[in-house]
Amino acid sequence: MKKKLIFFTLFILLSLITTATLYDKYDVIYLSELQSRDMSYTASDDIAELMYDRIISSNPEYQIITIDGELDSETLDRVNNVIVRRPVNNYNYLLEDENFNYRVYKGNEIIESYGNVNKEGSLFYGVIEADSGGFYEKEGQLYYDILYYMNEDIKESAEISKNIIADENVEVKLNFPSDYHFEYSINEGVYRSWDSRLGAALASSFDSTYIVISMMIIAGIALIFGLFYPVRYLREINPFKICSDTKAELTITVLTAMSTLLGAGCLLIMKITIDKEFYGIINALGFTGYDNEIIFVINYLVYGLFMLTVVADIYYLKYMFTGGFGRFLKEDTLIALCIRKIKGFFNRLYDIDFEDNNIRKMLIIFIVNLVIVVIIGIIPGFGAIFGVAYVLVIALLVYDRYKVIENDYQKILNYASRVAKGDFDNLNEDMGIFDPLKNELSSIETGFKEAIREETASQSMKTELISNVSHDLKTPLTGIRNYTELLNDENLDPIKRQEYLKMLDKYSSRLESLIEDLFEISKANSGNIELDMLNLDVIELIRQVISEREDDLRDNNLELVFNSSSEKAICYLDSDKTYRIFDNLLNNIVKYSLNNTRVYIDINRIADQLVVTFKNISKSEMNFTPEEIIERFKRGDKSRSESGSGIGLAIVQSFTEAMNVGFKIETDGDLFKAILIFNINEG
């Protein structure tokens with residue numbers, strides 16, 4: 001937006017200054033141009049006609065041609081029509097214009113006057129002399145030889161009269177007026193009067209050089225502006241963005257048409273502004289009093305649009321070569337687009353995919369070639385030439401497709417060889433018609449890598465299992481062995497003996513529990529688990545487990561918050577396995593919750609499902625993922641300082657899977673959540 005504002009601000013200022021400068025110089029340069037050349041033919045001829053008429057009319061007795069001899073009336077009428085040069089009164093507008101002045105002299109005496117003839121400050125001033133040889137311009141700027149042709153016209157009329165009379169006894173004599181001169185002046189005000197016919201007559205001689213120069217100035221300023229304004233900025237601004245986004249042929253056509261039309265518009269606006277015709281048009285439309293403002297605005301709009309078009313022309317020329325002219329031809333021309341489309345059509349036509357049914361494609365190829373052959377066959381005179389050309393084209397296409405298939409075959413062959421050697425790197429090349437085979441080979445890579453990953457994970461899990469089981473079995477066994485050795489002491493104090501027996505019982509129970517857990521999870525993973533399914537009130541079972549764990553919760557200073565949206569929820573489950581699930585989750589809470597915190601059990605019914613959520617704050621940092629904590633022998637206490645086998649959550653997952661109960665773990669900082677999702681059995 002900022003770039004657009006900067007450009008149009010600069011451009012508007014530039015075009016406004018250019019228009020104002022040219023508009024201000026129109027009068028000065030126009031008057032200078034008029035005074036530097038001969039008067040127009042129209043004005044010169046009418047002034048000469050006026051001069052002739054006023055001189056002849058000043059003496060009613062005067063005849064420019066006299067006839068000495070007798071003539072019949074018919075011949076006399078014919079001669080009078082020829083020898084008396086009758087003005088057609090085209091000059092009357094001169095006598096109606098206050099800017100035109102003249103005097104007729106006989107000798108030094110003024111015999112007729114109109115206006116105030118003044119040489120100083122006039123646009124045109126002239127003096128025409130008349131003597132026995134004819135009329136000639138003593139001073140002035142009448143059109144070239146206008147008086148010469150007048151004299152010749154009069155002389156010719158005398159000769160024609162002689163031929164009409166054709167009588168040697170009758171003499172025809174030519175009498176040019178003698179000792180007369182005609183003085184005239186045209187004031188500069190004639191140019192400023194838009195409705196002056198004399199001004200229009202004078203403007204007809206105006207040389208178009210100034211208009212052409214003005215056009216060159218406008219175009220030159222726009223050209224320099226376009227050359228120095230960066231292409232990268234113009235490319236983001238409309239209408240230049242439209243030019244670069246549109247195909248070249250259309251853009252060039254539109255820019256050429258606009259440049260031509262607006263250029264012609266500039267020439268026309270300049271001409272009718274300079275010769276005041278524009279003022280006549282504006283006043284005829286009833287805009288008297290605002291003519292200068294309206295004409296300036298119209299000049300500015302036309303010049304501005306022309307300059308903008310020139311800038312667009314320069315921008316597009318620069319754009320053609322930005323990034324290379326070859327790139328422009330390939331990417332921005334309709335011809336290149338058509339070639340790509342045609343080539344793409346034939347490539348798709350001749351591109352065979354062995355996984356598809358290609359009968360339809362073969363039929364299209366046949367029909368296309370048949371149509372082309374028929375068209376070639378009906379071309380008179382050149383059918384054979386076009387036929388040979390078509391065969392060559394087909395041969396080139398076939399050869400091109402053969403080379404492509406050969407290249408693709410070599411690629412797939414190399415690909416298969418590398419796969420056979422276990423090299424799966426950089427196998428993303430396009431294999432053409434062999435792509436389906438490449439995809440099948442790629443699936444070998446995927447399966448192979450997956451098998452390696454699973455085997456690696458299995459080996460890692462086995463190693464960790466052995467390590468963890470060894471550690472967890474070793475702890476109670478070591479305790480049993482130590483306390484057994486202590487009990488063998490015959491001098492052992494009875495009180496100590498009772499204490500050691502209790503510890504021995506504790507370690508035995510722990511070992512028994514560990515072995516039972518191992519059996520349970522082993523049966524669950526092997527699919528040999530036995531389920532005794534029945535309709536069970538899940539909420540009541542949870543309350544039972546809570547009551548049995550109250551002492552443990554109290555010992556660890558944990559406050560249990562129980563929330564349930566239902567009093568009862570019947571689900572089809574194995575009661576023992578479900579009890580074990582709840583017990584393991586509560587046991588997990590007791591072992592790993594931060595002391596003096598609240599723990600939550602939330603029960604919510606959602607449609608036909610019961611969602612049970614166990615939440616607690618961990619006393620240790622949970623630097624593991626939910627997936628890792630469910631694995632066998634993974635424990636929230638990585639130091640393994642707490643008692644337990646570390647397979648409580650793994651048993652929960654195994655039992656929930658066996659009973660089709662949803663189970664997932666979520667963690668958020670130190671917040672640990674175990675979520676169970678039961679299907680409610682309404683029946």
# chains A, B, ... in the order shown; residues from 1 in each chain; ligands from 1

call {"tool": "residues_around", "arguments": {"residues": "Glu137 in chain A", "least_positions_apart": "6", "cutoff": "7 Å", "atoms": "only C-alpha atoms", "output": "ChimeraX atom specification"}}
result
/A:127-129

call {"tool": "atom_distance", "arguments": {"atom1": "CA of Ser178 in chain A", "atom2": "CA of Ile55 in chain A"}}
result
10.0 Å

call {"tool": "closest_atom_pairs", "arguments": {"of": "range 124-194 of chain A", "to": "range 94-100 of chain A", "cutoff": "9 Å", "atoms": "only C-alpha atoms", "output": "Markdown table"}}
result
| residue | atom | partner | partner_atom | distance |
| --- | --- | --- | --- | --- |
| A:Tyr184 | CA | A:Phe100 | CA | 7.5 |
| A:Ser185 | CA | A:Phe100 | CA | 6.1 |
| A:Ile186 | CA | A:Phe100 | CA | 4.7 |
| A:Asn187 | CA | A:Asn99 | CA | 5.0 |
| A:Glu188 | CA | A:Asn99 | CA | 7.5 |
| A:Gly189 | CA | A:Asn99 | CA | 6.3 |
| A:Val190 | CA | A:Asn99 | CA | 5.6 |

call {"tool": "residues_around", "arguments": {"residues": "Phe614 in chain A", "least_positions_apart": "4", "cutoff": "6 Å", "atoms": "only C-alpha atoms", "output": "list in words"}}
result
Tyr600, Ile601, Lys673 and Ala674 of chain A

call {"tool": "closest_residue", "arguments": {"among": "A:Ile379, A:Lys2, A:Glu540, A:Leu586", "to": "Leu553 in chain A", "atoms": "only C-alpha atoms"}}
result
A:Leu586

call {"tool": "select_by_dssp", "arguments": {"residues": "range 185-385 of chain A", "states": "alpha helix (DSSP H)", "output": "PyMOL selection string"}}
result
chain A and resi 189-192+197-203+209-228+231-234+240-245+248-274+277-284+291-321+325-332+334-350+359-378+383-385

call {"tool": "select_by_dssp", "arguments": {"residues": "range 183-360 of chain A", "states": "strand (DSSP E or B)", "output": "ChimeraX atom specification"}}
result
/A:183-187

call {"tool": "closest_residue", "arguments": {"among": "A:Asn238, A:Ser132, A:Gly69, A:Tyr210", "to": "Leu5 in chain A", "atoms": "only C-alpha atoms"}}
result
A:Asn238

call {"tool": "closest_residue", "arguments": {"among": "A:Val311, A:Ile677, A:Ala248, A:Ile365", "to": "Leu337 in chain A", "atoms": "only C-alpha atoms"}}
result
A:Ala248

call {"tool": "closest_residue", "arguments": {"among": "A:Thr273, A:Asn414, A:Glu293, A:Tyr316", "to": "Pro239 in chain A", "atoms": "only C-alpha atoms"}}
result
A:Tyr316

call {"tool": "closest_residue", "arguments": {"among": "A:Met307, A:Ile164, A:Val419, A:Ile213", "to": "Leu16 in chain A", "atoms": "only C-alpha atoms"}}
result
A:Met307

call {"tool": "residues_around", "arguments": {"residues": "Ser44 in chain A", "least_positions_apart": "5", "cutoff": "12 Å", "atoms": "only C-alpha atoms", "output": "VMD selection string"}}
result
chain A and resid 38 to 39 49 to 51 90 to 91 94 124 to 126 128 137 140 to 147 149 to 150 184 186 198 201 to 202 204 to 205
